[in-house]
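Shown next, in structure tokens, is the structure this report addresses.
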Amino acid sequence: MFPINRPRRLRQNPQIRRMVRENIVTVNDLIYPLFAVPGTSVAKEIISMPGVYQLSVDKIVDEAKEVYDLGIPAIILFGIPETKDVEATGAWHDCGIVQKAATAVKEAVPDLIVIADTCLCEYTTSGHCGYLEVGDLTGRVLNDPTLELLKKTAVSQAKAGADIIAPSGMMDGFVQAIREGLDAAGFENIPILSYAAKYASGYYGPFRDAAESTPQFGDRRTYQMDPGNAREALKEVELDIAEGADMIMVKPALAYMDIIWRVKEITNLPVAAYNVSGEYSMVKAAALNGWIDEKQVTLETLTSFKRAGADLILTYHAKDAARWLQE
Ligand code: PBG
Ligand code: ZN
């Protein structure tokens, strides 16, 4: 009790604070998302995400080198195909945009880990994450037929050089299907990072500009999770672990810190948090207005993900954070 207890003793200078700090974010925790588009010398800034670009494969390679030189261990690739169709051909074709980008990056920067986002929404005409029943206008994706496409997509991404497969479509059984597909093709050593608890979130808005993956009708609520649910996230995580996931993701991150914490309590697998596009854009917008200190707010947010239990953080701020952490 006071005056014996004075917690401020351990806050009195930077050296003591450094000694007793419980959680820190390091460059090793960061994963940087990149958006690959067809063409050459293309670098098109996404209006709703200042500092983030759609990049052609040659530019992705330049970016990968920069990311590697900053000490960031991994990128995650999304792709915008030349054309979209009902079967999401661009997702699973061996000459698909993510496949091309993965091969080029691995050739130029072999030690940079390439994670492939495995989903169909950038590649379907509907903008949904799988096959729809003919005539469907609500977005009720057909689960089991979609698994076949996801399996094909994952195998072709692994063939192209992807080091980690990250399925994000929230289909039931997608981890098992992809594990089977990878193993049958001789990729039993490729880990699966499952977007296990992914919520139907308004925070994905800017990403959909970047990935040109806005659903043309309906929404994703029949496959992504309801924001009101927490126990259901644990169920999703348990199922994905049983199906063979090597790592688990919670997404979005900021509004779902309780989920990160609860997931961490039930698994010994590495837990990733996706600091999504809307979270990035809000910080950027406020910073560009001079309303907040971008560096302080970003590092504070990233540290708070670690405190909540995240081992890995996917963030559009990865390059900035890597630089700030070096200062
Ligand atoms: C698609 C996908 C989304 C994100 C990653 N993969 C968006 C969505 O479900 O519409 C969101 C990433 C972000 O907002 O930064 N399966
Ligand atoms: Zn999707």
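FYI, nothing fancy with the structure tokens labels: chains A, B, ... in order, residues from 1 per chain, ligands from 1 as they appear.
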Name the residues of segment 47-220 of chain A that fall into alpha helix (DSSP H) according to DSSP on the backbone, using the chain letters and numbers of this document, as an mmCIF file with N, CA, C and O atoms, in the first residue's frame.
```
data_model
loop_
_atom_site.group_PDB
_atom_site.id
_atom_site.type_symbol
_atom_site.label_atom_id
_atom_site.label_comp_id
_atom_site.auth_asym_id
_atom_site.auth_seq_id
_atom_site.Cartn_x
_atom_site.Cartn_y
_atom_site.Cartn_z
ATOM 1 N N VAL A 57 4.605 -7.028 -61.924
ATOM 2 C CA VAL A 57 5.547 -8.002 -61.354
ATOM 3 C C VAL A 57 6.963 -7.435 -61.214
ATOM 4 O O VAL A 57 7.624 -7.656 -60.194
ATOM 5 N N ASP A 58 7.422 -6.672 -62.223
ATOM 6 C CA ASP A 58 8.772 -6.090 -62.119
ATOM 7 C C ASP A 58 8.896 -5.164 -60.907
ATOM 8 O O ASP A 58 9.907 -5.153 -60.197
ATOM 9 N N LYS A 59 7.821 -4.413 -60.650
ATOM 10 C CA LYS A 59 7.823 -3.492 -59.498
ATOM 11 C C LYS A 59 7.672 -4.255 -58.177
ATOM 12 O O LYS A 59 8.187 -3.833 -57.145
ATOM 13 N N ILE A 60 6.953 -5.366 -58.236
ATOM 14 C CA ILE A 60 6.827 -6.209 -57.038
ATOM 15 C C ILE A 60 8.213 -6.711 -56.636
ATOM 16 O O ILE A 60 8.559 -6.747 -55.450
ATOM 17 N N VAL A 61 9.010 -7.062 -57.629
ATOM 18 C CA VAL A 61 10.362 -7.545 -57.354
ATOM 19 C C VAL A 61 11.203 -6.443 -56.690
ATOM 20 O O VAL A 61 11.893 -6.691 -55.696
ATOM 21 N N ASP A 62 11.120 -5.220 -57.233
ATOM 22 C CA ASP A 62 11.847 -4.098 -56.608
ATOM 23 C C ASP A 62 11.412 -3.921 -55.155
ATOM 24 O O ASP A 62 12.224 -3.721 -54.251
ATOM 25 N N GLU A 63 10.113 -3.990 -54.974
ATOM 26 C CA GLU A 63 9.541 -3.808 -53.632
ATOM 27 C C GLU A 63 10.009 -4.934 -52.701
ATOM 28 O O GLU A 63 10.351 -4.696 -51.543
ATOM 29 N N ALA A 64 10.041 -6.141 -53.229
ATOM 30 C CA ALA A 64 10.474 -7.294 -52.425
ATOM 31 C C ALA A 64 11.915 -7.115 -51.949
ATOM 32 O O ALA A 64 12.252 -7.431 -50.806
ATOM 33 N N LYS A 65 12.745 -6.569 -52.820
ATOM 34 C CA LYS A 65 14.148 -6.329 -52.431
ATOM 35 C C LYS A 65 14.213 -5.324 -51.286
ATOM 36 O O LYS A 65 14.952 -5.501 -50.325
ATOM 37 N N GLU A 66 13.413 -4.259 -51.424
ATOM 38 C CA GLU A 66 13.396 -3.221 -50.390
ATOM 39 C C GLU A 66 12.905 -3.802 -49.062
ATOM 40 O O GLU A 66 13.483 -3.539 -48.001
ATOM 41 N N VAL A 67 11.848 -4.592 -49.137
ATOM 42 C CA VAL A 67 11.278 -5.214 -47.947
ATOM 43 C C VAL A 67 12.324 -6.110 -47.269
ATOM 44 O O VAL A 67 12.520 -6.065 -46.058
ATOM 45 N N TYR A 68 13.016 -6.875 -48.084
ATOM 46 C CA TYR A 68 14.047 -7.785 -47.562
ATOM 47 C C TYR A 68 15.177 -6.994 -46.914
ATOM 48 O O TYR A 68 15.632 -7.329 -45.819
ATOM 49 N N ASP A 69 15.610 -5.920 -47.576
ATOM 50 C CA ASP A 69 16.691 -5.106 -47.032
ATOM 51 C C ASP A 69 16.302 -4.431 -45.717
ATOM 52 O O ASP A 69 17.158 -4.123 -44.896
ATOM 53 N N THR A 89 -10.563 -18.539 -62.963
ATOM 54 C CA THR A 89 -9.401 -19.129 -63.653
ATOM 55 C C THR A 89 -8.085 -18.449 -63.277
ATOM 56 O O THR A 89 -7.062 -19.113 -63.088
ATOM 57 N N GLY A 90 -8.143 -17.131 -63.146
ATOM 58 C CA GLY A 90 -6.926 -16.380 -62.818
ATOM 59 C C GLY A 90 -6.305 -16.785 -61.488
ATOM 60 O O GLY A 90 -5.119 -16.564 -61.261
ATOM 61 N N ALA A 91 -7.093 -17.384 -60.614
ATOM 62 C CA ALA A 91 -6.577 -17.773 -59.296
ATOM 63 C C ALA A 91 -5.723 -19.037 -59.382
ATOM 64 O O ALA A 91 -4.698 -19.144 -58.719
ATOM 65 N N TRP A 92 -6.168 -20.000 -60.196
ATOM 66 C CA TRP A 92 -5.501 -21.317 -60.164
ATOM 67 C C TRP A 92 -4.683 -21.637 -61.399
ATOM 68 O O TRP A 92 -4.012 -22.656 -61.485
ATOM 69 N N ILE A 97 -1.465 -14.251 -62.066
ATOM 70 C CA ILE A 97 -0.647 -13.098 -61.673
ATOM 71 C C ILE A 97 0.118 -13.349 -60.357
ATOM 72 O O ILE A 97 1.291 -12.992 -60.227
ATOM 73 N N VAL A 98 -0.516 -14.013 -59.394
ATOM 74 C CA VAL A 98 0.188 -14.297 -58.137
ATOM 75 C C VAL A 98 1.289 -15.335 -58.376
ATOM 76 O O VAL A 98 2.391 -15.231 -57.814
ATOM 77 N N GLN A 99 0.995 -16.313 -59.235
ATOM 78 C CA GLN A 99 2.009 -17.316 -59.566
ATOM 79 C C GLN A 99 3.231 -16.641 -60.193
ATOM 80 O O GLN A 99 4.376 -16.926 -59.814
ATOM 81 N N LYS A 100 2.987 -15.744 -61.147
ATOM 82 C CA LYS A 100 4.103 -15.036 -61.799
ATOM 83 C C LYS A 100 4.897 -14.220 -60.784
ATOM 84 O O LYS A 100 6.126 -14.224 -60.787
ATOM 85 N N ALA A 101 4.163 -13.507 -59.932
ATOM 86 C CA ALA A 101 4.842 -12.657 -58.942
ATOM 87 C C ALA A 101 5.653 -13.514 -57.968
ATOM 88 O O ALA A 101 6.793 -13.179 -57.640
ATOM 89 N N ALA A 102 5.074 -14.633 -57.536
ATOM 90 C CA ALA A 102 5.771 -15.503 -56.576
ATOM 91 C C ALA A 102 7.073 -16.020 -57.186
ATOM 92 O O ALA A 102 8.142 -15.982 -56.550
ATOM 93 N N THR A 103 7.002 -16.480 -58.425
ATOM 94 C CA THR A 103 8.191 -17.019 -59.082
ATOM 95 C C THR A 103 9.262 -15.942 -59.224
ATOM 96 O O THR A 103 10.440 -16.168 -58.923
ATOM 97 N N ALA A 104 8.848 -14.759 -59.654
ATOM 98 C CA ALA A 104 9.812 -13.676 -59.864
ATOM 99 C C ALA A 104 10.466 -13.246 -58.550
ATOM 100 O O ALA A 104 11.670 -13.015 -58.486
ATOM 101 N N VAL A 105 9.675 -13.170 -57.491
ATOM 102 C CA VAL A 105 10.233 -12.750 -56.199
ATOM 103 C C VAL A 105 11.198 -13.808 -55.673
ATOM 104 O O VAL A 105 12.299 -13.491 -55.216
ATOM 105 N N LYS A 106 10.818 -15.073 -55.756
ATOM 106 C CA LYS A 106 11.701 -16.128 -55.235
ATOM 107 C C LYS A 106 13.004 -16.184 -56.009
ATOM 108 O O LYS A 106 14.047 -16.513 -55.459
ATOM 109 N N GLU A 107 12.947 -15.848 -57.298
ATOM 110 C CA GLU A 107 14.160 -15.856 -58.102
ATOM 111 C C GLU A 107 15.081 -14.705 -57.690
ATOM 112 O O GLU A 107 16.282 -14.880 -57.550
ATOM 113 N N ALA A 108 14.489 -13.535 -57.460
ATOM 114 C CA ALA A 108 15.290 -12.342 -57.158
ATOM 115 C C ALA A 108 15.715 -12.266 -55.693
ATOM 116 O O ALA A 108 16.801 -11.794 -55.378
ATOM 117 N N ASN A 143 -20.220 -24.215 -51.030
ATOM 118 C CA ASN A 143 -19.019 -24.564 -50.267
ATOM 119 C C ASN A 143 -18.138 -25.627 -50.929
ATOM 120 O O ASN A 143 -16.969 -25.372 -51.245
ATOM 121 N N ASP A 144 -18.711 -26.821 -51.152
ATOM 122 C CA ASP A 144 -17.844 -27.945 -51.524
ATOM 123 C C ASP A 144 -17.240 -27.832 -52.921
ATOM 124 O O ASP A 144 -16.050 -28.138 -53.095
ATOM 125 N N PRO A 145 -18.005 -27.351 -53.913
ATOM 126 C CA PRO A 145 -17.369 -27.147 -55.222
ATOM 127 C C PRO A 145 -16.247 -26.108 -55.152
ATOM 128 O O PRO A 145 -15.246 -26.222 -55.854
ATOM 129 N N THR A 146 -16.400 -25.120 -54.286
ATOM 130 C CA THR A 146 -15.369 -24.096 -54.141
ATOM 131 C C THR A 146 -14.072 -24.691 -53.601
ATOM 132 O O THR A 146 -12.971 -24.259 -53.974
ATOM 133 N N LEU A 147 -14.193 -25.714 -52.747
ATOM 134 C CA LEU A 147 -12.985 -26.340 -52.181
ATOM 135 C C LEU A 147 -12.073 -26.881 -53.278
ATOM 136 O O LEU A 147 -10.838 -26.802 -53.164
ATOM 137 N N GLU A 148 -12.675 -27.418 -54.338
ATOM 138 C CA GLU A 148 -11.862 -27.958 -55.434
ATOM 139 C C GLU A 148 -11.021 -26.859 -56.079
ATOM 140 O O GLU A 148 -9.848 -27.060 -56.392
ATOM 141 N N LEU A 149 -11.630 -25.695 -56.257
ATOM 142 C CA LEU A 149 -10.887 -24.578 -56.864
ATOM 143 C C LEU A 149 -9.784 -24.072 -55.929
ATOM 144 O O LEU A 149 -8.685 -23.719 -56.368
ATOM 145 N N LEU A 150 -10.080 -24.058 -54.636
ATOM 146 C CA LEU A 150 -9.082 -23.585 -53.671
ATOM 147 C C LEU A 150 -7.879 -24.525 -53.629
ATOM 148 O O LEU A 150 -6.731 -24.093 -53.532
ATOM 149 N N LYS A 151 -8.180 -25.821 -53.716
ATOM 150 C CA LYS A 151 -7.137 -26.834 -53.724
ATOM 151 C C LYS A 151 -6.225 -26.618 -54.931
ATOM 152 O O LYS A 151 -5.007 -26.579 -54.821
ATOM 153 N N LYS A 152 -6.839 -26.432 -56.095
ATOM 154 C CA LYS A 152 -6.064 -26.196 -57.322
ATOM 155 C C LYS A 152 -5.233 -24.925 -57.204
ATOM 156 O O LYS A 152 -4.086 -24.869 -57.635
ATOM 157 N N THR A 153 -5.843 -23.893 -56.624
ATOM 158 C CA THR A 153 -5.150 -22.611 -56.471
ATOM 159 C C THR A 153 -3.909 -22.769 -55.594
ATOM 160 O O THR A 153 -2.813 -22.333 -55.953
ATOM 161 N N ALA A 154 -4.085 -23.437 -54.457
ATOM 162 C CA ALA A 154 -2.971 -23.604 -53.511
ATOM 163 C C ALA A 154 -1.829 -24.388 -54.158
ATOM 164 O O ALA A 154 -0.660 -24.019 -54.018
ATOM 165 N N VAL A 155 -2.166 -25.448 -54.862
ATOM 166 C CA VAL A 155 -1.122 -26.277 -55.486
ATOM 167 C C VAL A 155 -0.369 -25.460 -56.533
ATOM 168 O O VAL A 155 0.871 -25.500 -56.591
ATOM 169 N N SER A 156 -1.096 -24.699 -57.330
ATOM 170 C CA SER A 156 -0.393 -23.940 -58.366
ATOM 171 C C SER A 156 0.445 -22.812 -57.755
ATOM 172 O O SER A 156 1.513 -22.481 -58.263
ATOM 173 N N GLN A 157 -0.002 -22.248 -56.636
ATOM 174 C CA GLN A 157 0.812 -21.227 -55.947
ATOM 175 C C GLN A 157 2.094 -21.854 -55.377
ATOM 176 O O GLN A 157 3.180 -21.274 -55.472
ATOM 177 N N ALA A 158 1.956 -23.049 -54.815
ATOM 178 C CA ALA A 158 3.137 -23.740 -54.268
ATOM 179 C C ALA A 158 4.109 -24.086 -55.399
ATOM 180 O O ALA A 158 5.322 -23.901 -55.272
ATOM 181 N N LYS A 159 3.558 -24.549 -56.503
ATOM 182 C CA LYS A 159 4.406 -24.866 -57.673
ATOM 183 C C LYS A 159 5.172 -23.640 -58.132
ATOM 184 O O LYS A 159 6.313 -23.737 -58.589
ATOM 185 N N PHE A 174 -11.825 -25.830 -45.691
ATOM 186 C CA PHE A 174 -10.800 -25.394 -46.662
ATOM 187 C C PHE A 174 -9.383 -25.778 -46.268
ATOM 188 O O PHE A 174 -8.561 -26.073 -47.132
ATOM 189 N N VAL A 175 -9.113 -25.839 -44.975
ATOM 190 C CA VAL A 175 -7.760 -26.235 -44.576
ATOM 191 C C VAL A 175 -7.512 -27.707 -44.937
ATOM 192 O O VAL A 175 -6.483 -28.048 -45.529
ATOM 193 N N GLN A 176 -8.472 -28.540 -44.620
ATOM 194 C CA GLN A 176 -8.318 -29.967 -44.947
ATOM 195 C C GLN A 176 -8.156 -30.174 -46.457
ATOM 196 O O GLN A 176 -7.279 -30.918 -46.907
ATOM 197 N N ALA A 177 -8.983 -29.507 -47.234
ATOM 198 C CA ALA A 177 -8.916 -29.670 -48.692
ATOM 199 C C ALA A 177 -7.550 -29.231 -49.223
ATOM 200 O O ALA A 177 -6.933 -29.926 -50.038
ATOM 201 N N ILE A 178 -7.067 -28.113 -48.740
ATOM 202 C CA ILE A 178 -5.790 -27.596 -49.227
ATOM 203 C C ILE A 178 -4.632 -28.478 -48.757
ATOM 204 O O ILE A 178 -3.705 -28.751 -49.512
ATOM 205 N N ARG A 179 -4.725 -28.951 -47.507
ATOM 206 C CA ARG A 179 -3.672 -29.853 -47.008
ATOM 207 C C ARG A 179 -3.596 -31.117 -47.878
ATOM 208 O O ARG A 179 -2.516 -31.550 -48.279
ATOM 209 N N GLU A 180 -4.764 -31.674 -48.185
ATOM 210 C CA GLU A 180 -4.808 -32.870 -49.046
ATOM 211 C C GLU A 180 -4.202 -32.580 -50.408
ATOM 212 O O GLU A 180 -3.394 -33.352 -50.923
ATOM 213 N N GLY A 181 -4.606 -31.452 -50.982
ATOM 214 C CA GLY A 181 -4.112 -31.084 -52.313
ATOM 215 C C GLY A 181 -2.602 -30.891 -52.311
ATOM 216 O O GLY A 181 -1.900 -31.406 -53.185
ATOM 217 N N LEU A 182 -2.095 -30.172 -51.315
ATOM 218 C CA LEU A 182 -0.652 -29.914 -51.245
ATOM 219 C C LEU A 182 0.116 -31.219 -51.059
ATOM 220 O O LEU A 182 1.123 -31.472 -51.727
ATOM 221 N N ASP A 183 -0.369 -32.064 -50.148
ATOM 222 C CA ASP A 183 0.343 -33.315 -49.870
ATOM 223 C C ASP A 183 0.366 -34.217 -51.096
ATOM 224 O O ASP A 183 1.398 -34.819 -51.424
ATOM 225 N N ALA A 184 -0.769 -34.287 -51.784
ATOM 226 C CA ALA A 184 -0.849 -35.152 -52.965
ATOM 227 C C ALA A 184 0.098 -34.669 -54.055
ATOM 228 O O ALA A 184 0.562 -35.449 -54.886
ATOM 229 N N GLY A 205 -13.062 -2.220 -46.561
ATOM 230 C CA GLY A 205 -13.426 -1.340 -47.677
ATOM 231 C C GLY A 205 -12.267 -0.944 -48.585
ATOM 232 O O GLY A 205 -12.304 -1.196 -49.801
ATOM 233 N N PRO A 206 -11.207 -0.331 -48.050
ATOM 234 C CA PRO A 206 -10.110 0.112 -48.919
ATOM 235 C C PRO A 206 -9.405 -1.042 -49.637
ATOM 236 O O PRO A 206 -8.979 -0.893 -50.779
ATOM 237 N N PHE A 207 -9.317 -2.199 -48.983
ATOM 238 C CA PHE A 207 -8.701 -3.373 -49.627
ATOM 239 C C PHE A 207 -9.455 -3.727 -50.898
ATOM 240 O O PHE A 207 -8.860 -4.109 -51.906
ATOM 241 N N ARG A 208 -10.758 -3.605 -50.840
ATOM 242 C CA ARG A 208 -11.548 -3.999 -52.009
ATOM 243 C C ARG A 208 -11.304 -3.050 -53.177
ATOM 244 O O ARG A 208 -11.426 -3.445 -54.327
ATOM 245 N N ASP A 209 -10.923 -1.792 -52.895
ATOM 246 C CA ASP A 209 -10.465 -0.896 -53.967
ATOM 247 C C ASP A 209 -9.138 -1.421 -54.512
ATOM 248 O O ASP A 209 -8.918 -1.489 -55.717
ATOM 249 N N ALA A 210 -8.249 -1.785 -53.584
ATOM 250 C CA ALA A 210 -6.904 -2.221 -53.973
ATOM 251 C C ALA A 210 -6.939 -3.526 -54.759
ATOM 252 O O ALA A 210 -6.224 -3.698 -55.744
ATOM 253 N N ALA A 211 -7.772 -4.462 -54.325
ATOM 254 C CA ALA A 211 -7.801 -5.789 -54.939
ATOM 255 C C ALA A 211 -8.912 -5.920 -55.971
ATOM 256 O O ALA A 211 -9.061 -6.964 -56.598
#
```
Next on the checklist: Within 10 Å of ligand 1 (counting only C-alpha atoms and all ligand atoms), which residues show up? I'd like them as number ranges by chain.
Outcome noted: A: 33, 49, 76-78, 117-122, 127-130, 166-170, 195, 198-215, 219-221, 223-224, 251-252, 274-281, 314-316
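Note that atom CA of Lys295 of chain A and atom CA of Ile47 of chain A are 20.9 Å apart.
Here atom CA of Glu232 of chain A stands at a distance of 12.3 Å from atom CA of Val250 of chain A.
Counting only C-alpha atoms and all ligand atoms, the residue from A:Ala233, A:Leu312, A:Ala88, A:Leu239 that sits nearest to ligand 2 is A:Ala88.
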Checklist outcome for this item: Residue with the minimum atom-to-atom distance to ligand 2, picked from A:Tyr123, A:Ala308, A:Thr40, A:Val263 with only C-alpha atoms and all ligand atoms counted, is A:Tyr123
Checklist entry - Running DSSP on the backbone, which parts of segment 23-146 of chain A land in strand (DSSP E), as a PyMOL selection string? => result chain A and resi 30-37+43-46+49-56+74-79+113-118
Next, dump the selected residues to file, keeping only N, CA, C and O atoms, as a short mmCIF file (atom, residue, chain, number, x, y, z; two decimals), in the first residue's frame.
```cif
data_model
loop_
_atom_site.label_atom_id
_atom_site.label_comp_id
_atom_site.auth_asym_id
_atom_site.auth_seq_id
_atom_site.Cartn_x
_atom_site.Cartn_y
_atom_site.Cartn_z
N LEU A 30 6.70 -8.85 -38.60
CA LEU A 30 5.92 -8.16 -39.62
C LEU A 30 5.80 -8.92 -40.94
O LEU A 30 6.73 -9.57 -41.39
N ILE A 31 4.63 -8.80 -41.56
CA ILE A 31 4.36 -9.35 -42.89
C ILE A 31 3.76 -8.22 -43.72
O ILE A 31 2.81 -7.55 -43.29
N TYR A 32 4.31 -8.00 -44.93
CA TYR A 32 3.89 -6.87 -45.76
C TYR A 32 3.04 -7.33 -46.94
O TYR A 32 3.49 -8.12 -47.75
N PRO A 33 1.80 -6.85 -47.05
CA PRO A 33 0.93 -7.23 -48.18
C PRO A 33 1.28 -6.47 -49.46
O PRO A 33 1.56 -5.28 -49.42
N LEU A 34 1.23 -7.18 -50.58
CA LEU A 34 1.50 -6.55 -51.89
C LEU A 34 0.42 -6.97 -52.89
O LEU A 34 -0.06 -8.11 -52.86
N PHE A 35 0.09 -6.05 -53.80
CA PHE A 35 -0.96 -6.28 -54.80
C PHE A 35 -0.35 -6.32 -56.20
O PHE A 35 0.16 -5.31 -56.68
N ALA A 36 -0.40 -7.49 -56.82
CA ALA A 36 0.20 -7.66 -58.14
C ALA A 36 -0.83 -7.44 -59.25
O ALA A 36 -1.93 -7.99 -59.19
N VAL A 37 -0.44 -6.62 -60.26
CA VAL A 37 -1.31 -6.39 -61.43
C VAL A 37 -0.54 -6.71 -62.72
O VAL A 37 0.68 -6.70 -62.73
N ALA A 43 2.78 1.24 -61.26
CA ALA A 43 2.72 1.51 -59.82
C ALA A 43 1.59 2.49 -59.63
O ALA A 43 1.74 3.69 -59.83
N LYS A 44 0.43 1.97 -59.29
CA LYS A 44 -0.76 2.80 -59.20
C LYS A 44 -1.20 2.90 -57.75
O LYS A 44 -1.59 1.89 -57.14
N GLU A 45 -1.13 4.10 -57.21
CA GLU A 45 -1.46 4.27 -55.79
C GLU A 45 -2.96 4.05 -55.57
O GLU A 45 -3.78 4.44 -56.40
N ILE A 46 -3.30 3.40 -54.47
CA ILE A 46 -4.70 3.19 -54.15
C ILE A 46 -5.20 4.42 -53.39
O ILE A 46 -4.65 4.78 -52.35
N MET A 49 -5.81 4.22 -49.83
CA MET A 49 -4.70 3.72 -49.01
C MET A 49 -3.40 4.42 -49.42
O MET A 49 -2.53 3.83 -50.08
N PRO A 50 -3.22 5.68 -49.00
CA PRO A 50 -2.01 6.41 -49.40
C PRO A 50 -0.75 5.62 -49.03
O PRO A 50 -0.66 5.08 -47.92
N GLY A 51 0.17 5.52 -49.99
CA GLY A 51 1.41 4.79 -49.73
C GLY A 51 1.34 3.32 -50.11
O GLY A 51 2.34 2.61 -50.00
N VAL A 52 0.17 2.86 -50.56
CA VAL A 52 0.03 1.46 -50.99
C VAL A 52 -0.32 1.46 -52.48
O VAL A 52 -1.13 2.27 -52.92
N TYR A 53 0.32 0.56 -53.23
CA TYR A 53 0.22 0.58 -54.69
C TYR A 53 -0.18 -0.78 -55.26
O TYR A 53 0.17 -1.82 -54.71
N GLN A 54 -0.86 -0.73 -56.40
CA GLN A 54 -0.96 -1.92 -57.24
C GLN A 54 0.33 -1.91 -58.06
O GLN A 54 0.66 -0.90 -58.68
N LEU A 55 1.02 -3.05 -58.09
CA LEU A 55 2.33 -3.09 -58.74
C LEU A 55 2.41 -4.21 -59.77
O LEU A 55 1.95 -5.33 -59.50
N SER A 56 3.01 -3.91 -60.92
CA SER A 56 3.28 -4.98 -61.88
C SER A 56 4.42 -5.84 -61.33
O SER A 56 5.13 -5.43 -60.41
N ALA A 74 8.74 -11.47 -44.45
CA ALA A 74 7.77 -12.05 -45.38
C ALA A 74 6.86 -11.02 -46.03
O ALA A 74 6.57 -9.97 -45.46
N ILE A 75 6.39 -11.38 -47.24
CA ILE A 75 5.32 -10.62 -47.89
C ILE A 75 4.13 -11.56 -48.08
O ILE A 75 4.29 -12.79 -48.06
N ILE A 76 2.94 -10.97 -48.24
CA ILE A 76 1.78 -11.78 -48.65
C ILE A 76 1.27 -11.17 -49.96
O ILE A 76 1.12 -9.96 -50.07
N LEU A 77 1.05 -12.04 -50.94
CA LEU A 77 0.68 -11.59 -52.28
C LEU A 77 -0.80 -11.72 -52.55
O LEU A 77 -1.40 -12.77 -52.32
N PHE A 78 -1.37 -10.64 -53.10
CA PHE A 78 -2.73 -10.64 -53.64
C PHE A 78 -2.60 -10.33 -55.12
O PHE A 78 -1.63 -9.67 -55.53
N GLY A 79 -3.57 -10.77 -55.93
CA GLY A 79 -3.45 -10.53 -57.36
C GLY A 79 -4.71 -9.96 -57.97
O GLY A 79 -5.83 -10.26 -57.54
N ILE A 113 10.36 -14.73 -47.50
CA ILE A 113 9.25 -15.69 -47.47
C ILE A 113 8.06 -15.12 -48.23
O ILE A 113 7.64 -13.99 -47.97
N VAL A 114 7.56 -15.91 -49.17
CA VAL A 114 6.41 -15.49 -49.95
C VAL A 114 5.17 -16.25 -49.49
O VAL A 114 5.12 -17.49 -49.57
N ILE A 115 4.21 -15.50 -48.97
CA ILE A 115 2.94 -16.10 -48.57
C ILE A 115 1.94 -15.80 -49.68
O ILE A 115 1.89 -14.68 -50.18
N ALA A 116 1.18 -16.80 -50.09
CA ALA A 116 0.15 -16.56 -51.10
C ALA A 116 -1.21 -16.55 -50.42
O ALA A 116 -1.56 -17.49 -49.70
N ASP A 117 -1.96 -15.45 -50.63
CA ASP A 117 -3.34 -15.43 -50.17
C ASP A 117 -4.12 -16.33 -51.13
O ASP A 117 -4.03 -16.17 -52.34
N THR A 118 -4.83 -17.30 -50.56
CA THR A 118 -5.55 -18.25 -51.40
C THR A 118 -7.04 -18.01 -51.27
O THR A 118 -7.67 -18.44 -50.31
#
```
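When atom CA of Met247 of chain A is paired with atom CA of Ile192 of chain A, their separation reads 6.5 Å.
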Checklist entry - What lies within 8 Å of Thr26 of chain A using only C-alpha atoms, ignoring chain neighbours under 2 positions off, as a list in words? => result Ile24, Asn28, Asp29, Leu30, Ala322 and Leu325 of chain A
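Shortest separation to ligand 2 among A:Ala160, A:Met171, A:Arg8, A:Pro14 occurs at residue A:Met171, atoms counted being only C-alpha atoms and all ligand atoms.
Proximity to Lys84 of chain A was assessed for A:Leu70, A:Glu327, A:Leu234, A:Ser126 counting only C-alpha atoms; the smallest distance is recorded for A:Ser126.
Distances here use only C-alpha atoms and all ligand atoms; by that measure, the residue among A:Ser304, A:Val237, A:Ala318, A:Val141 closest to ligand 2 is A:Val141.
Closest approach to Leu137 of chain A from the set A:Gln216, A:Ser194, A:Ile260, A:Leu288 is made by A:Gln216, with distances taken over only C-alpha atoms.
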Next on the checklist: Using only C-alpha atoms, which protein or nucleic acid residues come within 7 Å of Leu193 of chain A? Drop anything in the same chain fewer than 4 positions from it, and give the result as a PyMOL selection string.
Outcome noted: chain A and resi 164-166+245-249
